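File shown here: start.csv, holding CSV, C-alpha atoms.
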```
chain,number,residue,atom,x,y,z
U,1,MET,CA,79.2,89.9,118.6
U,2,ASN,CA,81.3,92.9,117.6
U,3,ASP,CA,80.8,96.5,116.5
U,4,THR,CA,83.1,98.7,114.4
U,5,SER,CA,81.8,102.3,114.1
U,6,ARG,CA,83.1,105.6,112.8
U,7,ALA,CA,83.1,108.7,114.9
U,8,GLY,CA,81.4,111.7,113.4
U,9,GLY,CA,84.1,114.2,114.2
U,10,ALA,CA,87.8,114.3,115.3
U,11,ALA,CA,87.8,111.5,117.9
U,12,SER,CA,90.1,109.0,119.4
U,13,LEU,CA,90.6,105.4,118.3
U,14,ASP,CA,88.9,103.3,121.0
U,15,VAL,CA,89.4,99.6,121.1
U,16,SER,CA,87.7,97.2,123.6
U,17,ILE,CA,88.1,93.6,122.7
U,18,ALA,CA,86.5,91.2,125.2
U,19,SER,CA,87.8,88.2,123.3
U,20,LYS,CA,89.2,87.0,120.0
U,21,ASP,CA,89.4,83.3,119.4
U,22,TYR,CA,90.7,81.2,116.5
U,23,HIS,CA,89.0,77.9,115.8
U,24,SER,CA,90.6,74.8,114.1
U,25,GLY,CA,88.9,72.3,111.9
U,26,SER,CA,89.0,69.8,114.8
U,27,GLY,CA,86.9,72.1,117.0
U,28,SER,CA,89.6,73.3,119.3
U,29,SER,CA,90.0,77.0,119.9
U,30,LEU,CA,92.9,79.3,120.8
U,31,ARG,CA,92.3,82.6,122.5
U,32,ALA,CA,94.5,85.4,120.9
U,33,LEU,CA,93.1,88.5,122.7
U,34,GLU,CA,91.2,88.9,126.0
U,35,ASP,CA,90.0,92.0,127.7
U,36,LEU,CA,92.2,94.2,125.5
U,37,ARG,CA,91.5,97.9,125.8
U,38,LEU,CA,93.3,100.9,124.4
U,39,THR,CA,92.6,104.5,123.5
U,40,LEU,CA,94.6,106.7,121.1
U,41,PRO,CA,93.8,110.4,120.9
U,42,ALA,CA,93.2,111.9,117.4
U,43,GLY,CA,96.4,113.0,115.7
U,44,GLN,CA,98.7,111.0,118.0
U,45,ALA,CA,100.9,108.0,117.2
U,46,GLY,CA,100.6,104.9,119.3
U,47,ALA,CA,103.0,102.0,119.3
U,48,VAL,CA,101.9,98.4,120.3
U,49,VAL,CA,104.7,96.3,121.7
U,50,GLY,CA,104.6,92.7,122.9
U,51,PRO,CA,106.3,89.4,122.7
U,52,SER,CA,106.4,87.5,119.4
U,53,GLY,CA,103.1,85.7,118.7
U,54,CYS,CA,101.1,87.5,121.3
U,55,GLY,CA,98.5,88.8,118.8
U,56,LYS,CA,99.8,92.2,117.7
U,57,THR,CA,99.0,91.7,114.0
U,58,THR,CA,95.7,90.1,115.0
U,59,LEU,CA,94.8,93.3,116.8
U,60,LEU,CA,95.7,95.4,113.7
U,61,ARG,CA,93.6,93.2,111.5
U,62,LEU,CA,90.6,93.7,113.7
U,63,ILE,CA,91.0,97.4,113.7
U,64,ALA,CA,91.4,97.4,109.9
U,65,GLY,CA,88.2,95.4,109.5
U,66,LEU,CA,90.0,92.5,107.9
U,67,ASP,CA,88.7,90.1,110.6
U,68,LYS,CA,85.3,90.7,112.1
U,69,ASP,CA,85.1,87.5,114.2
U,70,TYR,CA,85.6,88.9,117.7
U,71,VAL,CA,83.6,90.0,120.7
U,72,GLY,CA,83.9,93.7,121.5
U,73,THR,CA,83.8,97.2,120.0
U,74,ILE,CA,86.1,99.3,117.9
U,75,VAL,CA,85.5,103.0,117.3
U,76,LEU,CA,87.6,104.5,114.5
U,77,PRO,CA,88.6,108.2,114.4
U,78,GLU,CA,86.8,110.8,112.2
U,79,HIS,CA,85.4,109.2,109.0
U,80,GLY,CA,87.3,106.0,109.5
U,81,ARG,CA,89.2,106.1,106.2
U,82,LEU,CA,92.1,103.7,106.6
U,83,GLY,CA,95.6,103.3,105.2
U,84,MET,CA,97.5,100.2,106.1
U,85,VAL,CA,101.1,99.1,105.6
U,86,PHE,CA,101.6,95.3,106.0
U,87,GLN,CA,104.7,93.5,107.1
U,88,GLU,CA,105.3,92.6,103.5
U,89,PRO,CA,104.9,95.5,100.9
U,90,ARG,CA,102.3,93.5,98.9
U,91,LEU,CA,102.8,95.4,95.7
U,92,LEU,CA,101.3,94.2,92.5
U,93,PRO,CA,104.3,92.8,90.6
U,94,TRP,CA,102.9,93.6,87.2
U,95,ARG,CA,102.2,97.2,88.0
U,96,SER,CA,104.7,100.1,88.2
U,97,VAL,CA,105.2,102.1,91.4
U,98,ILE,CA,102.9,104.9,90.4
U,99,ASP,CA,100.2,102.4,89.2
U,100,ASN,CA,100.3,100.6,92.5
U,101,ILE,CA,99.5,103.9,94.2
U,102,ARG,CA,96.8,104.9,91.7
U,103,ILE,CA,95.0,101.5,92.1
U,104,ALA,CA,94.8,102.1,95.9
U,105,ALA,CA,93.8,105.8,95.5
U,106,PRO,CA,92.0,106.1,92.2
U,107,HIS,CA,90.6,109.5,93.1
U,108,ALA,CA,93.9,111.0,94.1
U,109,ARG,CA,95.1,114.0,92.1
U,110,GLU,CA,98.2,113.5,90.0
U,111,ASP,CA,100.0,116.5,91.6
U,112,ASP,CA,99.2,115.0,95.1
U,113,ILE,CA,100.7,111.6,94.0
U,114,ALA,CA,103.8,113.4,92.5
U,115,ALA,CA,104.3,115.4,95.8
U,116,LEU,CA,104.0,112.2,97.8
U,117,LEU,CA,106.6,110.4,95.6
U,118,ASP,CA,108.9,113.3,96.0
U,119,GLU,CA,108.5,113.5,99.7
U,120,LEU,CA,109.3,109.8,100.1
U,121,GLY,CA,112.2,109.9,97.7
U,122,LEU,CA,110.5,107.8,95.1
U,123,ALA,CA,110.1,110.2,92.2
U,124,GLU,CA,112.9,108.6,90.1
U,125,HIS,CA,111.3,105.2,90.7
U,126,ALA,CA,107.8,106.0,89.6
U,127,SER,CA,108.0,103.9,86.5
U,128,HIS,CA,109.9,101.0,88.1
U,129,PHE,CA,108.3,97.7,88.8
U,130,PRO,CA,108.5,96.0,92.3
U,131,ARG,CA,111.1,93.5,91.1
U,132,GLU,CA,113.4,96.4,90.4
U,133,LEU,CA,113.1,97.8,93.9
U,134,SER,CA,115.1,97.1,97.1
U,135,LEU,CA,113.1,96.1,100.2
U,136,GLY,CA,113.6,99.6,101.6
U,137,LEU,CA,112.2,101.2,98.5
U,138,ALA,CA,109.3,98.7,98.3
U,139,ARG,CA,108.4,99.6,101.9
U,140,ARG,CA,108.4,103.3,101.0
U,141,VAL,CA,106.0,102.6,98.1
U,142,ALA,CA,103.7,100.7,100.5
U,143,LEU,CA,103.8,103.7,102.8
U,144,ALA,CA,103.1,106.1,99.8
U,145,ARG,CA,100.1,103.8,98.8
U,146,ALA,CA,98.7,104.0,102.3
U,147,LEU,CA,99.1,107.8,102.5
U,148,ALA,CA,97.6,108.4,99.1
U,149,VAL,CA,94.1,107.7,100.3
U,150,LYS,CA,94.5,110.5,102.9
U,151,PRO,CA,93.7,108.2,105.8
U,152,ASP,CA,92.1,109.3,109.1
U,153,LEU,CA,93.9,106.3,110.6
U,154,LEU,CA,97.2,104.9,109.5
U,155,LEU,CA,98.1,101.3,110.5
U,156,LEU,CA,101.7,100.2,110.3
U,157,ASP,CA,102.6,96.5,110.9
U,158,GLU,CA,106.3,96.1,111.7
U,159,PRO,CA,107.2,98.7,109.1
U,160,LEU,CA,111.0,98.3,109.6
U,161,VAL,CA,111.3,94.6,109.9
U,162,SER,CA,114.1,92.9,107.9
U,163,LEU,CA,115.8,96.1,107.0
U,164,ASP,CA,119.4,96.7,107.9
U,165,ALA,CA,120.2,99.2,110.6
U,166,ALA,CA,120.9,102.2,108.2
U,167,LEU,CA,117.8,101.6,106.1
U,168,ALA,CA,115.7,101.1,109.2
U,169,ARG,CA,117.0,104.4,110.7
U,170,ASP,CA,116.3,106.3,107.5
U,171,LEU,CA,112.7,105.0,107.2
U,172,ARG,CA,112.1,105.5,110.9
U,173,GLU,CA,113.1,109.1,110.6
U,174,MET,CA,110.9,109.5,107.5
U,175,ILE,CA,107.9,108.0,109.3
U,176,ALA,CA,108.5,110.2,112.3
U,177,ARG,CA,108.6,113.3,110.1
U,178,LEU,CA,105.3,112.3,108.4
U,179,ILE,CA,103.6,111.7,111.8
U,180,ASP,CA,104.6,115.2,113.0
U,181,GLU,CA,103.8,117.0,109.7
U,182,ARG,CA,100.5,115.3,108.9
U,183,ARG,CA,99.1,114.6,112.4
U,184,ILE,CA,97.4,111.4,111.2
U,185,THR,CA,96.2,109.2,114.0
U,186,THR,CA,98.7,106.3,113.6
U,187,LEU,CA,99.0,102.9,115.2
U,188,ILE,CA,102.3,101.1,114.8
U,189,VAL,CA,102.9,97.4,115.7
U,190,THR,CA,106.5,96.5,116.5
U,191,HIS,CA,108.5,94.0,118.6
U,192,ASP,CA,111.2,96.6,119.1
U,193,LEU,CA,110.9,98.9,122.2
U,194,ARG,CA,113.4,101.4,120.9
U,195,GLU,CA,111.6,101.7,117.6
U,196,ALA,CA,108.3,102.2,119.6
U,197,ILE,CA,109.8,104.9,121.8
U,198,ALA,CA,111.3,106.7,118.7
U,199,LEU,CA,108.0,106.8,116.9
U,200,GLY,CA,105.1,106.8,119.4
U,201,ASP,CA,103.3,109.4,121.6
U,202,ARG,CA,101.9,106.5,123.6
U,203,LEU,CA,103.1,103.0,124.2
U,204,PHE,CA,100.7,100.1,124.6
U,205,LEU,CA,102.5,97.1,126.2
U,206,LEU,CA,100.9,93.7,125.6
U,207,SER,CA,101.1,90.5,127.6
U,208,ALA,CA,101.7,87.1,126.1
U,209,ARG,CA,98.7,85.3,124.6
U,210,PRO,CA,95.9,85.9,125.2
U,211,ALA,CA,97.1,89.4,124.9
U,212,CYS,CA,95.8,92.4,126.9
U,213,VAL,CA,97.3,95.8,127.5
U,214,VAL,CA,99.4,95.5,130.7
U,215,ALA,CA,100.7,99.1,130.7
U,216,THR,CA,100.1,102.3,128.8
U,217,ILE,CA,103.0,104.8,128.9
U,218,ASP,CA,102.9,108.3,127.5
U,219,VAL,CA,106.1,109.4,125.8
U,220,PRO,CA,107.3,112.9,126.7
U,221,ALA,CA,108.6,115.0,123.7
U,222,PRO,CA,107.7,112.2,121.3
U,223,ARG,CA,110.2,111.8,118.4
U,224,ARG,CA,112.5,114.3,120.0
U,225,LEU,CA,113.4,112.4,123.1
U,226,GLN,CA,117.0,112.7,124.3
U,227,LYS,CA,119.1,109.5,124.6
U,228,ASP,CA,119.1,109.4,128.5
U,229,ALA,CA,115.3,109.9,128.6
U,230,ALA,CA,114.7,107.3,125.9
U,231,GLU,CA,116.9,104.8,127.8
U,232,ALA,CA,115.0,105.4,131.1
U,233,LEU,CA,111.7,105.0,129.3
U,234,GLU,CA,112.9,101.7,127.7
U,235,THR,CA,113.9,100.4,131.2
U,236,GLN,CA,110.5,101.4,132.6
U,237,ALA,CA,108.7,99.6,129.7
U,238,ARG,CA,110.9,96.4,130.1
U,239,GLU,CA,110.1,96.4,133.8
U,240,ALA,CA,106.4,96.6,133.1
U,241,LEU,CA,106.6,93.7,130.6
U,242,ALA,CA,108.7,91.6,133.0
U,243,ALA,CA,106.1,92.2,135.8
U,244,ALA,CA,103.4,91.0,133.4
U,245,ARG,CA,105.3,87.9,132.6
U,246,ALA,CA,105.8,87.2,136.3
U,247,GLY,CA,102.1,87.7,137.0
U,248,ALA,CA,102.5,90.9,139.0
U,249,GLN,CA,100.0,93.6,138.9
U,250,PRO,CA,100.9,96.0,136.0
U,251,ARG,CA,101.4,99.6,136.6
U,252,HIS,CA,99.7,102.2,134.4
U,253,HIS,CA,101.4,105.5,133.7
```
Using structure tokens, write down the structure that the file contains.
Amino acid sequence: MNDTSRAGGAASLDVSIASKDYHSGSGSSLRALEDLRLTLPAGQAGAVVGPSGCGKTTLLRLIAGLDKDYVGTIVLPEHGRLGMVFQEPRLLPWRSVIDNIRIAAPHAREDDIAALLDELGLAEHASHFPRELSLGLARRVALARALAVKPDLLLLDEPLVSLDAALARDLREMIARLIDERRITTLIVTHDLREAIALGDRLFLLSARPACVVATIDVPAPRRLQKDAAEALETQAREALAAARAGAQPRHH
């Protein structure tokens, strides 16, 4: 049994997953998530970090409503309008950049779309097709498509994966600026602690499967953290993850 509801006013994202199981055709089951709880205040960015295969993307799919087979409750912020960026851009190859955005946000005003394209450095690519774009540009289009719906909650699944260091840095800075300017409640899934610290107001550290939150760490001066402070926070997070792997009692901050 599960329940996904929408808060009536500005509210936090509240997730309480008692269990999420996958079932095979042979009747065996695999538990992906268990007793996973997290709260993200309205207007903040949260970053979910955990080992590969622990269930980070599964969690995002549950929040997005793409998978309703779980036991627990999920309360979405405000009116629950969602924007999501998947690991792959998932652009329609037979549609131009601007048409990919229009399809996702059919009621968006043309001047709003134009402003969004300009903000993300895509104005000169509006008439291009996905095959004409680099991976970095395609990821920007996917981000523009998610923002065009004016989401109350923005979900980003490994938004910088497979990009080279320079492109990842540029897109990370772009995402950080958008988070600060728009104050959209944002949940980012990543395997990269440094990326999480650079983008998040709050870190949610997951255990191995079945995943639960083993530590929640608030980031001081998010997206403006000095190098020494960022390194200290990374060390703290790595210690919490190591303690979880060793079976020690996690510390919450």
* What is the distance between atom CA of Pro89 of chain U and atom CA of Asp157 of chain U, in Å to one decimal? ->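 That distance, rounded to one decimal, is 10.3 Å.
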* Taking into account all atoms listed in the file, which residue in the set U:Ala198, U:Ile113, U:Ala240, U:Ala123 is nearest to Ile217 of chain U? ->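 Nearest to Ile217 of chain U: U:Ala240.
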* For Leu33 of chain U, which residue among U:Thr73, U:Ser96, U:Thr58, U:Thr216 is the nearest when counting only C-alpha atoms? ->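 Nearest to Leu33 of chain U: U:Thr58.
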* **atom CA of Val141 of chain U to atom CA of Ile98 of chain U, distance in Å rounded to a single decimal** => 8.6 Å
* Pick out the closest residue to Leu155 of chain U from this set: U:Ile74, U:Ala126, U:Ile179, U:Leu187. Count all atoms listed in the file. => U:Leu187
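Each of U:Gly247, U:Pro222, U:Pro159, U:Pro151 was compared to Ala64 of chain U using all atoms listed in the file, and U:Pro151 turns out to be the nearest.
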* To do: Up to 7 Å from (97.0, 108.5, 113.9) in the file's coordinates: name the residues, counting only C-alpha atoms, as a PyMOL selection string.
  => chain U and resi 42-45+152-154+183-187
* Just how far from atom CA of Pro210 of chain U is atom CA of Leu30 of chain U, in Å to one decimal? ->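 Calculated distance between atom CA of Leu30 of chain U and atom CA of Pro210 of chain U is 8.5 Å.
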* Asked: For Thr4 of chain U, which residue out of U:Val71, U:Val48, U:Ala32, U:Ala104 is the nearest one, using only C-alpha atoms?
  ->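 Among the listed residues, U:Val71 lies closest to Thr4 of chain U.
Closest approach to Leu156 of chain U from the set U:Leu82, U:Ala114, U:Leu13, U:Ala232 is made by U:Leu82, with distances taken over all atoms listed in the file.
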Nearby residues (all atoms listed in the file) at most 9 Å from Thr57 of chain U, same-chain spacing under 5 positions excluded, as a PDB file with C-alpha atoms, in the coordinates of the input:
```
ATOM      1  CA  LEU U  62      90.600  93.700 113.700  1.00  0.00           C
ATOM      2  CA  ASP U 157     102.600  96.500 110.900  1.00  0.00           C
ATOM      3  CA  GLU U 158     106.300  96.100 111.700  1.00  0.00           C
ATOM      4  CA  VAL U 189     102.900  97.400 115.700  1.00  0.00           C
TER       5      VAL U 189
END
```
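Once His107 of chain U and its same-chain neighbours fewer than 6 positions away are set aside, Ile101, Ile113, Ala148, Val149 and Lys150 of chain U remain within 12 Å of it when counting all atoms listed in the file.
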So for segment 166-172 of chain U, what box centre and size do we get, axis-aligned, 3 Å extra on each of the six sides, every listed atom, Å to one decimal, as lines of an AutoDock Vina configuration file?
```
center_x = 116.5
center_y = 103.7
center_z = 108.5
size_x = 14.8
size_y = 11.2
size_z = 10.8
```
* Asked: Which protein, DNA or RNA residues are at most 10 Å from (111.4, 106.3, 106.6) in the file's coordinates when you count only C-alpha atoms, listed as a ChimeraX atom specification?
  -> /U:120-121,136-137,139-140,143,159-160,167-178
* Write out as a count of residues only the residues lying within 9 Å of Ala211 of chain U, counting all atoms listed in the file and excluding same-chain residues fewer than 6 positions away. => 10
